[in-house]
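Structure below is upload.txt: compact mmCIF, C-alpha atoms.
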```
# COMPACT_ATOMS: atom_id res chain seq x y z
CA MET A 1 -114.38 92.01 47.16
CA SER A 2 -115.17 93.13 43.64
CA VAL A 3 -114.25 91.31 40.44
CA ALA A 4 -112.06 94.25 39.42
CA LEU A 5 -109.97 93.94 42.57
CA ILE A 6 -109.62 90.15 42.20
CA VAL A 7 -108.47 90.51 38.58
CA LEU A 8 -105.95 93.17 39.57
CA LEU A 9 -104.63 91.21 42.56
CA ALA A 10 -104.13 88.11 40.37
CA LEU A 11 -102.15 90.19 37.85
CA PHE A 12 -100.19 91.72 40.69
CA ALA A 13 -99.20 88.28 42.02
CA VAL A 14 -98.06 87.01 38.60
CA LEU A 15 -96.04 90.13 37.82
CA ALA A 16 -94.53 90.29 41.31
CA VAL A 17 -93.06 86.81 40.80
CA MET A 18 -91.67 87.85 37.39
CA VAL A 19 -90.14 91.03 38.82
CA ALA A 20 -88.69 89.22 41.83
CA ARG A 21 -86.94 86.75 39.52
CA ARG A 22 -85.23 89.65 37.72
CA GLY A 23 -83.47 90.61 40.93
CA ARG A 24 -83.35 93.40 43.45
CA GLY A 25 -82.59 96.27 41.05
CA THR A 26 -85.70 95.60 38.94
CA ALA A 27 -87.88 95.27 42.03
CA GLU A 28 -86.61 98.57 43.41
CA ASP A 29 -87.18 100.29 40.06
CA ALA A 30 -90.75 99.00 39.92
CA ALA A 31 -91.41 100.03 43.52
CA GLU A 32 -90.04 103.52 42.90
CA ARG A 33 -92.23 103.98 39.83
CA ALA A 34 -95.31 102.72 41.62
CA LEU A 35 -94.70 104.97 44.64
CA GLU A 36 -94.20 107.96 42.36
CA GLN A 37 -97.53 107.25 40.74
CA PHE A 38 -99.29 106.89 44.09
CA ALA A 39 -98.13 110.42 44.91
CA HIS A 40 -99.29 111.75 41.55
CA VAL A 41 -102.64 110.00 41.52
CA MET A 42 -104.02 109.09 44.94
CA PRO A 43 -104.52 112.45 46.73
CA GLN A 44 -105.94 113.97 43.55
CA LEU A 45 -108.19 111.00 42.94
CA ALA A 46 -109.62 111.10 46.46
CA VAL A 47 -110.63 114.78 46.22
CA ALA A 48 -111.74 114.42 42.58
CA LEU A 49 -114.13 111.63 43.59
CA LEU A 50 -115.41 113.83 46.40
CA ALA A 51 -116.00 116.71 43.96
CA ALA A 52 -117.60 114.38 41.40
CA GLY A 53 -120.00 113.00 44.00
CA PHE A 54 -121.19 116.48 45.00
CA LEU A 55 -121.37 117.48 41.35
CA ALA A 56 -123.63 114.50 40.68
CA LYS A 57 -126.09 115.92 43.23
CA LEU A 58 -126.01 119.32 41.53
CA ILE A 59 -126.41 118.14 37.93
CA PRO A 60 -130.01 117.03 37.46
CA GLY A 61 -130.03 113.31 36.69
CA GLU A 62 -132.89 113.81 34.23
CA LEU A 63 -130.64 116.03 32.11
CA ILE A 64 -127.90 113.40 31.83
CA ALA A 65 -130.49 110.69 31.23
CA ALA A 66 -132.11 112.77 28.48
CA LEU A 67 -128.77 113.54 26.81
CA MET A 68 -126.95 110.22 27.25
CA GLY A 69 -129.60 107.80 28.49
CA PRO A 70 -131.43 105.03 26.62
CA GLU A 71 -133.92 107.48 25.05
CA ALA A 72 -131.18 109.69 23.63
CA GLY A 73 -130.10 107.15 20.97
CA TRP A 74 -127.74 108.67 18.43
CA THR A 75 -127.68 111.94 20.34
CA GLY A 76 -126.12 110.15 23.30
CA LEU A 77 -123.17 108.97 21.20
CA ILE A 78 -122.62 112.43 19.78
CA VAL A 79 -122.94 114.11 23.18
CA GLY A 80 -120.40 111.63 24.56
CA ALA A 81 -118.02 112.17 21.63
CA VAL A 82 -118.22 115.97 21.92
CA ALA A 83 -117.94 116.00 25.71
CA GLY A 84 -114.69 113.97 25.71
CA PRO A 85 -112.15 116.49 24.47
CA ILE A 86 -113.84 119.35 26.32
CA ILE A 87 -112.47 117.84 29.50
CA PRO A 88 -108.95 119.22 29.29
CA ALA A 89 -107.56 117.13 32.10
CA GLY A 90 -105.93 113.85 32.89
CA PRO A 91 -107.63 110.55 33.62
CA VAL A 92 -108.38 111.48 37.24
CA ILE A 93 -111.06 113.95 36.18
CA ALA A 94 -112.16 112.19 33.01
CA PHE A 95 -112.89 108.90 34.75
CA SER A 96 -114.50 110.56 37.77
CA VAL A 97 -116.83 112.30 35.34
CA ALA A 98 -117.48 109.01 33.53
CA ALA A 99 -118.37 107.36 36.84
CA VAL A 100 -120.79 110.20 37.64
CA LEU A 101 -122.40 109.95 34.19
CA GLU A 102 -122.78 106.21 34.63
CA ARG A 103 -124.56 106.65 37.95
CA ALA A 104 -126.77 109.34 36.42
CA GLY A 105 -128.06 106.90 33.81
CA ALA A 106 -125.84 107.26 30.76
CA THR A 107 -125.85 104.20 28.48
CA PRO A 108 -122.70 102.05 28.11
CA GLU A 109 -122.41 103.01 24.43
CA ALA A 110 -122.54 106.73 25.21
CA LEU A 111 -119.85 106.16 27.87
CA VAL A 112 -117.70 104.23 25.38
CA ALA A 113 -117.99 107.19 22.98
CA PHE A 114 -117.11 109.57 25.81
CA VAL A 115 -114.04 107.68 27.09
CA THR A 116 -112.80 106.94 23.54
CA SER A 117 -113.17 110.57 22.53
CA TRP A 118 -111.47 111.86 25.68
CA SER A 119 -108.56 109.45 25.30
CA LEU A 120 -108.03 110.36 21.64
CA PHE A 121 -108.49 114.10 21.70
CA THR A 122 -108.00 115.47 25.20
CA LEU A 123 -106.75 119.00 24.61
CA HIS A 124 -103.92 119.18 27.10
CA ARG A 125 -102.18 116.20 25.51
CA VAL A 126 -102.49 117.70 22.02
CA ILE A 127 -100.99 120.96 23.23
CA THR A 128 -98.27 119.50 25.46
CA TYR A 129 -97.13 116.58 23.31
CA GLU A 130 -98.55 116.28 19.83
CA LEU A 131 -98.06 119.80 18.47
CA PRO A 132 -94.54 120.32 19.85
CA MET A 133 -93.26 116.82 19.01
CA LEU A 134 -94.96 116.07 15.66
CA GLY A 135 -96.37 119.33 14.36
CA PRO A 136 -99.72 120.58 13.01
CA SER A 137 -99.73 118.46 9.84
CA PHE A 138 -99.72 115.27 11.92
CA LEU A 139 -102.58 116.61 14.02
CA ARG A 140 -104.58 117.38 10.83
CA LEU A 141 -103.97 113.89 9.46
CA ARG A 142 -104.92 112.34 12.80
CA LEU A 143 -108.11 114.39 13.17
CA ALA A 144 -109.15 113.36 9.66
CA SER A 145 -108.44 109.66 10.11
CA VAL A 146 -109.43 109.21 13.78
CA GLY A 147 -112.19 111.82 14.05
CA LEU A 148 -115.07 109.39 13.66
CA MET A 149 -113.59 106.73 15.93
CA PRO A 150 -115.54 107.70 19.10
CA VAL A 151 -118.92 107.50 17.35
CA ALA A 152 -117.86 104.29 15.56
CA ALA A 153 -116.79 102.75 18.88
CA GLY A 154 -120.12 103.82 20.40
CA LEU A 155 -122.06 102.20 17.56
CA ILE A 156 -120.10 98.96 17.86
CA ALA A 157 -120.65 99.04 21.63
CA ALA A 158 -124.40 99.50 21.07
CA ALA A 159 -124.42 96.53 18.70
CA ILE A 160 -122.52 94.37 21.22
CA VAL A 161 -124.87 95.37 24.06
CA ARG A 162 -127.92 94.48 21.92
CA LEU A 163 -126.34 91.19 20.89
CA LEU A 164 -125.79 90.22 24.52
CA HIS A 165 -129.30 91.09 25.69
CA MET B 1 -87.53 111.99 40.12
CA ASP B 2 -87.92 114.76 37.63
CA GLU B 3 -89.86 117.95 38.28
CA PRO B 4 -92.68 116.49 40.33
CA ALA B 5 -94.67 119.73 40.45
CA ARG B 6 -94.78 120.13 36.68
CA ARG B 7 -96.14 116.66 36.20
CA THR B 8 -99.21 116.96 38.34
CA GLY B 9 -102.56 117.25 36.63
CA GLY B 10 -101.70 115.59 33.37
CA ASP B 11 -101.94 112.00 32.30
CA HIS B 12 -100.33 109.99 34.99
CA ALA B 13 -98.60 106.81 34.30
CA PRO B 14 -95.52 105.10 35.62
CA GLY B 15 -92.36 105.57 33.71
CA GLU B 16 -92.44 109.21 32.72
CA ALA B 17 -88.90 109.57 33.98
CA PRO B 18 -86.05 107.92 32.10
CA ALA B 19 -85.13 104.53 33.45
CA ARG B 20 -82.38 104.57 35.98
CA GLY B 21 -80.79 101.86 38.04
CA PRO B 22 -79.93 102.20 41.69
CA GLU B 23 -76.25 102.51 40.82
CA ASP B 24 -76.81 105.43 38.43
CA PRO B 25 -75.08 108.58 39.77
CA SER B 26 -78.05 110.74 38.68
CA GLY B 27 -80.28 108.63 40.91
CA PRO B 28 -81.33 109.62 44.40
CA GLY B 29 -78.62 109.95 47.00
CA PRO B 30 -75.08 108.66 46.57
CA GLY B 31 -74.97 104.92 46.97
CA GLY B 32 -78.37 104.30 48.55
CA PRO B 33 -81.70 103.08 47.28
CA PHE B 34 -84.31 105.77 46.69
CA TRP B 35 -86.29 104.92 49.82
CA ARG B 36 -83.35 105.79 52.06
CA ASP B 37 -83.24 109.32 50.64
CA ARG B 38 -85.17 111.90 52.61
CA ARG B 39 -85.17 114.32 49.69
CA TRP B 40 -86.98 111.70 47.60
CA TRP B 41 -89.76 111.45 50.19
CA ARG B 42 -90.02 115.24 50.47
CA ALA B 43 -90.42 115.43 46.67
CA TRP B 44 -92.94 112.57 46.98
CA VAL B 45 -95.12 114.50 49.41
CA SER B 46 -94.95 117.73 47.40
CA ALA B 47 -95.86 115.81 44.23
CA GLY B 48 -98.92 114.35 45.92
CA PHE B 49 -100.13 117.65 47.30
CA GLY B 50 -99.30 119.82 44.31
CA PRO B 51 -101.45 122.58 42.77
CA MET B 52 -103.91 120.16 41.17
CA PHE B 53 -104.72 118.59 44.54
CA TRP B 54 -105.61 121.98 46.00
CA ILE B 55 -107.61 122.95 42.91
CA PHE B 56 -109.64 119.73 43.13
CA LEU B 57 -110.07 120.22 46.86
CA ALA B 58 -111.35 123.77 46.27
CA ILE B 59 -113.79 122.48 43.63
CA ALA B 60 -114.95 119.73 46.01
CA ALA B 61 -115.48 122.28 48.80
CA LEU B 62 -117.37 124.61 46.45
CA CYS B 63 -119.63 121.83 45.14
CA GLY B 64 -120.14 120.55 48.67
CA ALA B 65 -121.15 124.02 49.86
CA LEU B 66 -123.53 124.37 46.91
CA VAL B 67 -125.16 121.04 47.72
CA TYR B 68 -125.54 122.13 51.36
CA VAL B 69 -127.12 125.47 50.41
CA LEU B 70 -129.32 124.30 47.52
CA GLU B 71 -130.35 120.82 48.64
CA GLY B 72 -130.11 121.02 52.41
CA GLU B 73 -128.17 119.24 55.10
CA ALA B 74 -129.71 115.80 54.60
CA ALA B 75 -128.72 115.71 50.92
CA PHE B 76 -125.23 116.93 51.84
CA ARG B 77 -124.79 114.11 54.36
CA ALA B 78 -126.12 111.54 51.90
CA ALA B 79 -123.70 112.77 49.23
CA LEU B 80 -120.82 112.65 51.70
CA VAL B 81 -121.61 109.07 52.71
CA GLU B 82 -121.89 108.04 49.06
CA ASP B 83 -118.61 109.81 48.24
CA GLY B 84 -116.90 108.03 51.12
CA ARG B 85 -118.16 104.68 49.85
CA MET B 86 -116.94 105.47 46.35
CA VAL B 87 -113.48 106.45 47.63
CA VAL B 88 -113.22 103.32 49.79
CA GLU B 89 -114.28 101.17 46.83
CA THR B 90 -112.08 102.78 44.20
CA VAL B 91 -108.86 103.60 46.00
CA PRO B 92 -107.71 100.02 46.76
CA ARG B 93 -108.28 99.02 43.12
CA VAL B 94 -106.30 101.98 41.82
CA VAL B 95 -103.48 101.27 44.32
CA VAL B 96 -103.11 97.68 43.06
CA ALA B 97 -103.48 98.82 39.43
CA ILE B 98 -100.65 101.32 39.83
CA ALA B 99 -98.38 98.69 41.33
CA VAL B 100 -99.20 96.41 38.37
CA ALA B 101 -98.42 99.19 35.88
CA GLY B 102 -95.08 99.90 37.59
CA MET B 103 -94.06 96.27 37.21
CA ILE B 104 -95.19 96.13 33.57
CA TRP B 105 -92.99 99.16 32.89
CA VAL B 106 -89.84 97.46 34.14
CA LEU B 107 -90.63 94.15 32.39
CA MET B 108 -91.46 95.53 28.90
CA PRO B 109 -88.71 95.71 26.23
CA ARG B 110 -89.50 99.17 24.82
CA GLU B 111 -86.60 99.47 22.36
CA ARG B 112 -87.48 96.20 20.69
CA ILE B 113 -91.11 97.28 20.28
CA SER B 114 -90.21 100.46 18.38
CA ALA B 115 -87.63 98.71 16.20
CA LEU B 116 -90.12 96.01 15.21
CA VAL B 117 -92.91 98.47 14.35
CA GLY B 118 -90.57 100.87 12.52
CA ARG B 119 -89.44 98.12 10.14
CA SER B 120 -92.82 96.66 9.26
CA SER B 121 -95.31 97.81 6.61
CA GLY B 122 -98.58 96.90 4.91
CA MET B 123 -101.44 95.34 6.82
CA ALA B 124 -99.02 93.57 9.14
CA GLY B 125 -97.53 96.96 9.99
CA LEU B 126 -100.92 98.30 11.06
CA VAL B 127 -101.68 95.25 13.20
CA LEU B 128 -98.23 95.37 14.79
CA ALA B 129 -98.61 99.10 15.43
CA THR B 130 -101.95 98.45 17.13
CA ILE B 131 -100.43 95.78 19.37
CA ALA B 132 -97.42 97.96 20.15
CA GLY B 133 -99.67 100.89 21.03
CA ALA B 134 -101.72 98.74 23.38
CA ILE B 135 -98.70 97.39 25.25
CA THR B 136 -96.54 100.54 25.38
CA PRO B 137 -96.13 101.22 29.08
CA GLY B 138 -96.00 104.73 30.46
CA GLY B 139 -97.93 107.90 29.85
CA PRO B 140 -97.92 110.36 26.95
CA THR B 141 -94.23 111.17 27.32
CA SER B 142 -93.15 107.65 26.44
CA ALA B 143 -95.88 107.11 23.80
CA PHE B 144 -95.22 110.36 21.94
CA SER B 145 -91.44 109.92 22.03
CA LEU B 146 -91.91 106.42 20.62
CA LEU B 147 -94.19 107.91 17.95
CA ALA B 148 -91.64 110.57 17.02
CA MET B 149 -89.01 107.83 16.91
CA LEU B 150 -91.23 105.81 14.53
CA GLY B 151 -91.50 108.87 12.28
CA ALA B 152 -87.74 109.32 12.30
CA LEU B 153 -87.27 105.62 11.52
CA GLY B 154 -89.37 106.16 8.38
CA ALA B 155 -92.54 104.35 9.47
CA ASP B 156 -95.45 105.20 7.18
CA ARG B 157 -98.29 107.53 8.18
CA GLY B 158 -100.81 104.72 8.60
CA THR B 159 -98.54 102.93 11.04
CA MET B 160 -98.04 106.12 13.06
CA ILE B 161 -101.77 106.89 13.21
CA ALA B 162 -102.63 103.30 14.12
CA TYR B 163 -99.98 103.29 16.84
CA ILE B 164 -101.07 106.47 18.59
CA ALA B 165 -104.79 105.73 18.18
CA SER B 166 -104.23 102.31 19.70
CA TRP B 167 -102.15 103.70 22.56
CA ALA B 168 -104.88 106.24 23.35
CA THR B 169 -107.86 103.89 23.20
CA LEU B 170 -106.51 100.40 23.89
CA GLY B 171 -103.49 101.28 26.05
CA MET B 172 -103.34 98.43 28.52
CA GLN B 173 -101.99 100.65 31.21
CA ARG B 174 -104.88 103.13 31.06
CA ILE B 175 -107.36 100.25 31.00
CA LEU B 176 -105.71 98.70 34.06
CA ILE B 177 -105.32 101.87 36.11
CA TRP B 178 -108.52 103.67 35.12
CA ASP B 179 -111.13 101.61 33.27
CA VAL B 180 -111.04 98.52 35.46
CA PRO B 181 -111.01 100.21 38.89
CA MET B 182 -113.37 103.08 38.06
CA MET B 183 -115.82 101.55 35.56
CA GLY B 184 -115.53 97.82 36.23
CA PRO B 185 -114.35 94.84 34.13
CA ASP B 186 -117.61 94.62 32.12
CA PHE B 187 -117.30 98.15 30.81
CA SER B 188 -113.57 97.67 30.15
CA LEU B 189 -114.23 94.58 28.04
CA LEU B 190 -117.04 96.34 26.16
CA ARG B 191 -114.76 99.27 25.41
CA ILE B 192 -111.89 97.03 24.26
CA ALA B 193 -114.22 95.00 22.01
CA SER B 194 -115.77 98.14 20.50
CA THR B 195 -112.41 99.75 19.76
CA LEU B 196 -110.31 96.73 18.77
CA VAL B 197 -110.39 97.07 14.96
CA LEU B 198 -110.62 100.85 14.81
CA PRO B 199 -106.88 101.75 14.97
CA VAL B 200 -106.25 99.57 11.90
CA ALA B 201 -109.20 101.22 10.11
CA ALA B 202 -107.83 104.66 11.05
CA GLY B 203 -104.40 103.64 9.71
CA LEU B 204 -105.92 102.53 6.38
CA LEU B 205 -107.85 105.80 6.19
CA ALA B 206 -104.71 107.81 6.98
CA ARG B 207 -102.87 106.10 4.10
CA ALA B 208 -105.70 107.02 1.71
CA LEU B 209 -106.19 110.63 2.78
CA PRO B 210 -104.59 113.34 0.62
CA ILE B 211 -103.09 115.30 3.49
CA ARG B 212 -99.50 116.48 3.34
CA LEU B 213 -97.50 115.36 6.31
CA ASP B 214 -94.42 117.34 7.35
CA LEU B 215 -93.17 115.87 10.57
CA LYS B 216 -91.47 118.25 12.88
CA GLY B 217 -87.79 117.51 13.15
CA GLU B 218 -85.70 117.94 16.23
CA GLN B 219 -86.16 121.41 17.65
CA ARG B 220 -82.98 123.40 18.01
CA LEU B 221 -82.81 126.72 19.78
CA ARG B 222 -80.89 128.31 16.94
CA ASP B 223 -83.76 127.56 14.52
CA ARG B 224 -85.99 129.87 16.49
CA LEU B 225 -83.63 132.87 16.21
```
Any chance you could give the structure as structure tokens?
Amino acid sequence: MSVALIVLLALFAVLAVMVARRGRGTAEDAAERALEQFAHVMPQLAVALLAAGFLAKLIPGELIAALMGPEAGWTGLIVGAVAGPIIPAGPVIAFSVAAVLERAGATPEALVAFVTSWSLFTLHRVITYELPMLGPSFLRLRLASVGLMPVAAGLIAAAIVRLLH
Amino acid sequence: MDEPARRTGGDHAPGEAPARGPEDPSGPGPGGPFWRDRRWWRAWVSAGFGPMFWIFLAIAALCGALVYVLEGEAAFRAALVEDGRMVVETVPRVVVAIAVAGMIWVLMPRERISALVGRSSGMAGLVLATIAGAITPGGPTSAFSLLAMLGALGADRGTMIAYIASWATLGMQRILIWDVPMMGPDFSLLRIASTLVLPVAAGLLARALPIRLDLKGEQRLRDRL
């Protein structure tokens, strides 16, 4: 059993006790939400992982390694930051891609830049939520103040990785 | 549940639908819990196998066929075995993570979070906004409505930027459902550590930037005429 699963199971146990103490209504509400999410995520995730695995065979590993690997340096952070928002999809795709990049030899700091950039700027969220609910001036302000965050996060990640090794 | 088909393909997180108790008349079936309602389960199946599922399946089939043609049968089999291992490894983690996120949603006092952040200012406001963004349960629907609510409450621009930047990068729910199961705890910790101070920095920057901010008000149909 992996560490990730153990951590999650421990959290599950603690929260399950808390929910159970709130009574039946809360437990049913939580179960309904969780089941809804299974439906939205699991079938998609299974086929997305399948697609990502095949894709990994098609994309030459040397290319990913050259763009986001240890030799890429700064370029890797910028490639990661630019690649993030280009993926106009939810976390299912974004994280499947991240897992493929990791296996193909991308550095942790390039992956941090990629995930940070995707989570901040993914296009579908900007179009579906930000523009209709807050308007273009908020988007401008956000782009100006958050724009460098993915590269900054990548640099900090690189510093942490070097500190630990 | 609301419009299951429309919600496929986007960010998925528990709690996109407004909270409703089992006794709520708008809930599933008169007088029964949701799991007794056959319509709920039908909607459940159609949500799981919506358009995005078939699109991903088509992409998987196409990539699989390309691997078979370009790399040969042995490579195809190897990829299939590796894919199977990845699915078997990842799926149980995501299942538990989703259950955890569902419970966090029902335990978290959302109204109190927005009220607290809306009232605060200065450096404390930015730190509070960062914490609130990290613990806001739910996907973009709940985060962006909370953000719009903050704007309406008169929260300053730095607070709003810090909140949404923190929700996007440090959102506990995304870390639990996606980072931990797919990338592992080491990567999740590295990403949290690398991003931790950045929402506050972005909020400070937003306060200093000379950009005019006109928040969109409530949209009424008659305004569009």
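Between Trp44 of chain B and the residues A:Ala4, A:Ala104, A:Ala66, A:Ala39, the shortest atom-to-atom distance, using only C-alpha atoms, involves A:Ala39.
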Of the candidates B:Ala97, B:Phe76, B:Thr195, B:Met108, which shows the shortest atom-to-atom distance to Ile156 of chain A, using all atoms listed in the file?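 Between B:Ala97, B:Phe76, B:Thr195, B:Met108, the residue approaching Ile156 of chain A most closely is B:Thr195.
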Counting only C-alpha atoms, the residue of A:Leu55, A:Val41, A:Ala30, A:Arg22 that sits nearest Val45 of chain B: A:Val41
Looking at B:Leu57, B:Ala208, B:Ala168, B:Val81, which one is nearest to Thr122 of chain A, with distances taken over all atoms listed in the file? B:Ala168
Starting from 8 Å padding per side, set up an axis-aligned box that covers all listed atoms of segment 63-76 of chain A and hand over centre and edge lengths in Å, one decimal, as JSON.
```
{"center_x": -130.0, "center_y": 110.5, "center_z": 25.3, "size_x": 23.8, "size_y": 27.0, "size_z": 29.7}
```
To one decimal place in Å, what is the distance between atom CA of Asp83 of chain B and atom CA of Ser2 of chain A? 17.6 Å
Would you mind reading off the distance between atom CA of Tyr129 of chain A and atom CA of Lys216 of chain B, one decimal, in Å?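 Atom CA of Tyr129 of chain A sits 12.0 Å away from atom CA of Lys216 of chain B.
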Residues near Ala153 of chain A, cut-off 9 Å, only C-alpha atoms, skip fewer than 5 positions along chain, as a PyMOL selection string: (chain A and resi 109+112-113+116+148+158) or (chain B and resi 191+193-196+198)
Nearest-residue call for Ile160 of chain A, choices B:Val127, B:Ala75, B:Met182, B:Ile192, using all atoms listed in the file: B:Ile192
Might you pull out every residue within 7 Å of Gly69 of chain A, with only C-alpha atoms counted and same-chain residues fewer than 3 positions away left off, and present them as JSON, numbers by chain? {"A": [64, 65, 66, 72, 76, 105, 106, 107]}
Test item: which residues lie within 10 Å of (-111.2, 97.8, 40.6) counting all atoms listed in the file, as a PyMOL selection string: (chain A and resi 1-9) or (chain B and resi 89-97+176-185)
